[in-house]
>>> print(open('entry_24.pdb').read())   # PDB, C-alpha atoms, pLDDT in the B column
ATOM      1  CA  MET B   6      20.496  -7.499  -3.167  1.00 43.00           C
ATOM      2  CA  THR B   7      20.230 -10.905  -1.561  1.00 46.00           C
ATOM      3  CA  GLY B   8      18.956 -12.862  -4.538  1.00 46.00           C
ATOM      4  CA  ARG B   9      15.873 -13.927  -2.611  1.00 46.00           C
ATOM      5  CA  SER B  10      12.515 -13.410  -4.236  1.00 46.00           C
ATOM      6  CA  PRO B  11       9.406 -12.171  -2.433  1.00 44.00           C
ATOM      7  CA  LEU B  12       6.818 -14.653  -1.285  1.00 51.00           C
ATOM      8  CA  ASP B  13       3.167 -14.284  -2.175  1.00 57.00           C
ATOM      9  CA  HIS B  14       2.419 -12.092   0.858  1.00 83.00           C
ATOM     10  CA  SER B  15       1.826  -8.406   0.212  1.00 88.00           C
ATOM     11  CA  VAL B  16       1.075  -5.633   2.648  1.00 90.00           C
ATOM     12  CA  GLY B  17      -1.706  -3.477   1.254  1.00 93.00           C
ATOM     13  CA  THR B  18      -1.365   0.273   1.291  1.00 95.00           C
ATOM     14  CA  GLN B  19      -4.201   0.788   3.753  1.00 95.00           C
ATOM     15  CA  SER B  20      -2.831  -1.955   6.017  1.00 94.00           C
ATOM     16  CA  MET B  21       0.570  -0.251   6.008  1.00 96.00           C
ATOM     17  CA  VAL B  22      -1.008   3.100   6.885  1.00 96.00           C
ATOM     18  CA  ARG B  23      -2.990   1.483   9.718  1.00 96.00           C
ATOM     19  CA  LEU B  24       0.119  -0.284  11.067  1.00 96.00           C
ATOM     20  CA  LEU B  25       2.155   2.921  10.957  1.00 96.00           C
ATOM     21  CA  GLY B  26      -0.451   4.803  12.962  1.00 94.00           C
ATOM     22  CA  THR B  27       0.775   8.260  13.959  1.00 92.00           C
ATOM     23  CA  TRP B  28       4.280   8.193  12.525  1.00 92.00           C
ATOM     24  CA  ARG B  29       5.021  11.918  12.242  1.00 90.00           C
ATOM     25  CA  ALA B  30       6.589  13.595  15.248  1.00 86.00           C
ATOM     26  CA  GLY B  31       8.203  16.703  13.796  1.00 88.00           C
ATOM     27  CA  GLY B  32      11.462  15.509  12.259  1.00 91.00           C
ATOM     28  CA  PRO B  33      12.197  14.963   8.564  1.00 96.00           C
ATOM     29  CA  ALA B  34       9.279  12.936   7.180  1.00 96.00           C
ATOM     30  CA  TYR B  35      11.435  10.377   5.362  1.00 97.00           C
ATOM     31  CA  GLU B  36      13.429   9.623   8.539  1.00 97.00           C
ATOM     32  CA  GLU B  37      10.290   9.256  10.638  1.00 97.00           C
ATOM     33  CA  LEU B  38       8.677   7.023   8.028  1.00 97.00           C
ATOM     34  CA  ALA B  39      11.807   4.875   7.795  1.00 97.00           C
ATOM     35  CA  ARG B  40      11.855   4.598  11.603  1.00 96.00           C
ATOM     36  CA  GLY B  41       8.200   3.518  11.638  1.00 96.00           C
ATOM     37  CA  ILE B  42       8.648   0.877   8.944  1.00 97.00           C
ATOM     38  CA  ARG B  43      11.899  -0.358  10.547  1.00 96.00           C
ATOM     39  CA  ARG B  44      10.006  -0.857  13.819  1.00 95.00           C
ATOM     40  CA  LEU B  45       7.236  -2.799  12.036  1.00 96.00           C
ATOM     41  CA  VAL B  46       9.776  -5.103  10.408  1.00 95.00           C
ATOM     42  CA  ALA B  47      11.859  -5.578  13.559  1.00 93.00           C
ATOM     43  CA  ASP B  48       8.894  -6.487  15.761  1.00 93.00           C
ATOM     44  CA  GLY B  49       7.315  -8.781  13.165  1.00 92.00           C
ATOM     45  CA  ARG B  50       4.181  -6.795  12.385  1.00 94.00           C
ATOM     46  CA  LEU B  51       5.439  -6.739   8.788  1.00 93.00           C
ATOM     47  CA  PRO B  52       6.307 -10.369   8.053  1.00 91.00           C
ATOM     48  CA  MET B  53       9.596 -11.204   6.372  1.00 91.00           C
ATOM     49  CA  GLN B  54       9.558 -11.383   2.589  1.00 92.00           C
ATOM     50  CA  SER B  55       6.318  -9.347   2.396  1.00 93.00           C
ATOM     51  CA  ARG B  56       5.938  -6.992  -0.527  1.00 94.00           C
ATOM     52  CA  VAL B  57       5.428  -3.423   0.684  1.00 96.00           C
ATOM     53  CA  PRO B  58       3.217  -0.876  -1.087  1.00 95.00           C
ATOM     54  CA  ALA B  59       4.454   0.880  -4.187  1.00 94.00           C
ATOM     55  CA  GLU B  60       5.942   4.303  -3.504  1.00 95.00           C
ATOM     56  CA  ARG B  61       3.262   6.174  -5.447  1.00 95.00           C
ATOM     57  CA  HIS B  62       0.379   4.458  -3.638  1.00 96.00           C
ATOM     58  CA  LEU B  63       1.864   4.888  -0.170  1.00 97.00           C
ATOM     59  CA  ALA B  64       2.665   8.552  -0.847  1.00 97.00           C
ATOM     60  CA  SER B  65      -0.925   9.185  -1.874  1.00 96.00           C
ATOM     61  CA  GLU B  66      -2.382   7.475   1.205  1.00 96.00           C
ATOM     62  CA  LEU B  67       0.015   9.199   3.632  1.00 96.00           C
ATOM     63  CA  GLY B  68      -0.380  12.610   1.985  1.00 95.00           C
ATOM     64  CA  VAL B  69       3.350  13.057   1.370  1.00 96.00           C
ATOM     65  CA  SER B  70       5.446  13.392  -1.757  1.00 97.00           C
ATOM     66  CA  ARG B  71       6.693  10.331  -3.574  1.00 97.00           C
ATOM     67  CA  ASN B  72      10.220  11.637  -2.885  1.00 97.00           C
ATOM     68  CA  THR B  73       9.545  11.152   0.842  1.00 97.00           C
ATOM     69  CA  ILE B  74       8.658   7.499   0.312  1.00 97.00           C
ATOM     70  CA  THR B  75      11.582   6.996  -2.070  1.00 97.00           C
ATOM     71  CA  ALA B  76      14.026   8.433   0.494  1.00 98.00           C
ATOM     72  CA  ALA B  77      12.561   6.325   3.328  1.00 98.00           C
ATOM     73  CA  TYR B  78      12.687   3.122   1.267  1.00 97.00           C
ATOM     74  CA  GLU B  79      16.250   3.916   0.162  1.00 97.00           C
ATOM     75  CA  ARG B  80      17.329   4.419   3.785  1.00 97.00           C
ATOM     76  CA  LEU B  81      15.759   1.067   4.701  1.00 97.00           C
ATOM     77  CA  ARG B  82      17.444  -0.672   1.750  1.00 96.00           C
ATOM     78  CA  GLU B  83      20.802   0.734   2.879  1.00 96.00           C
ATOM     79  CA  GLU B  84      20.173  -0.574   6.411  1.00 96.00           C
ATOM     80  CA  GLY B  85      19.040  -3.994   5.178  1.00 95.00           C
ATOM     81  CA  TYR B  86      15.354  -3.797   6.144  1.00 96.00           C
ATOM     82  CA  LEU B  87      14.050  -3.661   2.564  1.00 96.00           C
ATOM     83  CA  ASP B  88      15.200  -5.307  -0.633  1.00 94.00           C
ATOM     84  CA  SER B  89      14.160  -4.369  -4.158  1.00 91.00           C
ATOM     85  CA  ARG B  90      14.500  -5.621  -7.669  1.00 82.00           C
ATOM     86  CA  GLN B  91      13.305  -3.606 -10.649  1.00 81.00           C
ATOM     87  CA  GLY B  92      10.067  -5.104 -11.895  1.00 80.00           C
ATOM     88  CA  SER B  93       9.650  -7.274  -8.781  1.00 81.00           C
ATOM     89  CA  GLY B  94       8.818  -4.650  -6.174  1.00 90.00           C
ATOM     90  CA  THR B  95      10.156  -4.070  -2.695  1.00 94.00           C
ATOM     91  CA  TRP B  96       9.881  -6.488   0.190  1.00 93.00           C
ATOM     92  CA  THR B  97      10.866  -6.781   3.822  1.00 94.00           C
ATOM     93  CA  THR B  98      14.019  -8.453   5.070  1.00 93.00           C
ATOM     94  CA  LEU B  99      16.357  -8.194   8.034  1.00 91.00           C
ATOM     95  CA  PRO B 100      19.922  -6.916   8.010  1.00 89.00           C
ATOM     96  CA  ASP B 101      22.618  -9.582   7.862  1.00 82.00           C
ATOM     97  CA  ARG B 102      24.079 -10.251  11.255  1.00 63.00           C
ATOM     98  CA  PRO B 103      27.839 -10.764  11.661  1.00 54.00           C
ATOM     99  CA  ALA B 104      28.852 -14.378  12.308  1.00 47.00           C
TER     100      ALA B 104
END
>>> encode(input="entry_24.pdb", output="structure tokens")
Amino acid sequence: MTGRSPLDHSVGTQSMVRLLGTWRAGGPAYEELARGIRRLVADGRLPMQSRVPAERHLASELGVSRNTITAAYERLREEGYLDSRQGSGTWTTLPDRPA
């Protein structure tokens, strides 16, 4: 947790789905989803400090279980691409770079 709070920008569920495009290629769904979101953050299509869709809403739109979204978001939090605070949501960030 970085202590930063999200800005007013949110990525809507349908926008996220549109940005992801065809994200499934045959591997574990949570890994493929994490890879797709990581790419969107890294190339700037998901702006920094943008709130991402709630797990339940994204799961419904993508037609996957909420556990898939939870696992993908957790992977991205571990890697430093997402940050979360209970009651505040989840937003994009970039991993800390070594000095």
>>> resolve_selection(input="entry_24.pdb", expression="the PyMOL selection byres ((chain B and resi 36-44) around 9)", output="list of chain:residue names")
B:Met21, B:Leu24, B:Leu25, B:Gly26, B:Trp28, B:Arg29, B:Ala30, B:Gly31, B:Gly32, B:Pro33, B:Ala34, B:Tyr35, B:Leu45, B:Val46, B:Ala47, B:Asp48, B:Gly49, B:Arg50, B:Leu51, B:Thr73, B:Ile74, B:Ala76, B:Ala77, B:Tyr78, B:Glu79, B:Arg80, B:Leu81, B:Tyr86, B:Leu87
>>> write_last_selection(input="entry_24.pdb", atoms="C-alpha atoms", output="PDB file, in the frame of the given file")
ATOM      1  CA  MET B  21       0.570  -0.251   6.008  1.00 96.00           C
ATOM      2  CA  LEU B  24       0.119  -0.284  11.067  1.00 96.00           C
ATOM      3  CA  LEU B  25       2.155   2.921  10.957  1.00 96.00           C
ATOM      4  CA  GLY B  26      -0.451   4.803  12.962  1.00 94.00           C
ATOM      5  CA  TRP B  28       4.280   8.193  12.525  1.00 92.00           C
ATOM      6  CA  ARG B  29       5.021  11.918  12.242  1.00 90.00           C
ATOM      7  CA  ALA B  30       6.589  13.595  15.248  1.00 86.00           C
ATOM      8  CA  GLY B  31       8.203  16.703  13.796  1.00 88.00           C
ATOM      9  CA  GLY B  32      11.462  15.509  12.259  1.00 91.00           C
ATOM     10  CA  PRO B  33      12.197  14.963   8.564  1.00 96.00           C
ATOM     11  CA  ALA B  34       9.279  12.936   7.180  1.00 96.00           C
ATOM     12  CA  TYR B  35      11.435  10.377   5.362  1.00 97.00           C
ATOM     13  CA  LEU B  45       7.236  -2.799  12.036  1.00 96.00           C
ATOM     14  CA  VAL B  46       9.776  -5.103  10.408  1.00 95.00           C
ATOM     15  CA  ALA B  47      11.859  -5.578  13.559  1.00 93.00           C
ATOM     16  CA  ASP B  48       8.894  -6.487  15.761  1.00 93.00           C
ATOM     17  CA  GLY B  49       7.315  -8.781  13.165  1.00 92.00           C
ATOM     18  CA  ARG B  50       4.181  -6.795  12.385  1.00 94.00           C
ATOM     19  CA  LEU B  51       5.439  -6.739   8.788  1.00 93.00           C
ATOM     20  CA  THR B  73       9.545  11.152   0.842  1.00 97.00           C
ATOM     21  CA  ILE B  74       8.658   7.499   0.312  1.00 97.00           C
ATOM     22  CA  ALA B  76      14.026   8.433   0.494  1.00 98.00           C
ATOM     23  CA  ALA B  77      12.561   6.325   3.328  1.00 98.00           C
ATOM     24  CA  TYR B  78      12.687   3.122   1.267  1.00 97.00           C
ATOM     25  CA  GLU B  79      16.250   3.916   0.162  1.00 97.00           C
ATOM     26  CA  ARG B  80      17.329   4.419   3.785  1.00 97.00           C
ATOM     27  CA  LEU B  81      15.759   1.067   4.701  1.00 97.00           C
ATOM     28  CA  TYR B  86      15.354  -3.797   6.144  1.00 96.00           C
ATOM     29  CA  LEU B  87      14.050  -3.661   2.564  1.00 96.00           C
TER      30      LEU B  87
END
>>> residues_around(input="entry_24.pdb", residues="B:Pro58", least_positions_apart="6", cutoff="7 Å", atoms="only C-alpha atoms", output="ChimeraX atom specification")
/B:16-18
>>> write_last_selection(input="entry_24.pdb", atoms="C-alpha atoms", output="PDB file, in the coordinates of the input")
ATOM      1  CA  VAL B  16       1.075  -5.633   2.648  1.00 90.00           C
ATOM      2  CA  GLY B  17      -1.706  -3.477   1.254  1.00 93.00           C
ATOM      3  CA  THR B  18      -1.365   0.273   1.291  1.00 95.00           C
TER       4      THR B  18
END
>>> residues_near_point(input="entry_24.pdb", point="(12.7, -6.3, 3.5)", cutoff="7 Å", atoms="only C-alpha atoms", output="list of chain:residue names")
B:Met53, B:Gln54, B:Gly85, B:Tyr86, B:Leu87, B:Asp88, B:Trp96, B:Thr97, B:Thr98, B:Leu99
>>> atom_distance(input="entry_24.pdb", atom1="atom CA of B:Val57", atom2="atom CA of B:Asp101")
19.6 Å
>>> atom_distance(input="entry_24.pdb", atom1="atom CA of B:Gln91", atom2="atom CA of B:Arg23")
26.6 Å
>>> atom_distance(input="entry_24.pdb", atom1="atom CA of B:Ser55", atom2="atom CA of B:Pro100")
14.9 Å
>>> closest_residue(input="entry_24.pdb", among="B:Thr95, B:Arg90, B:Pro52, B:Val22", to="B:Gly68", atoms="all atoms listed in the file")
B:Val22
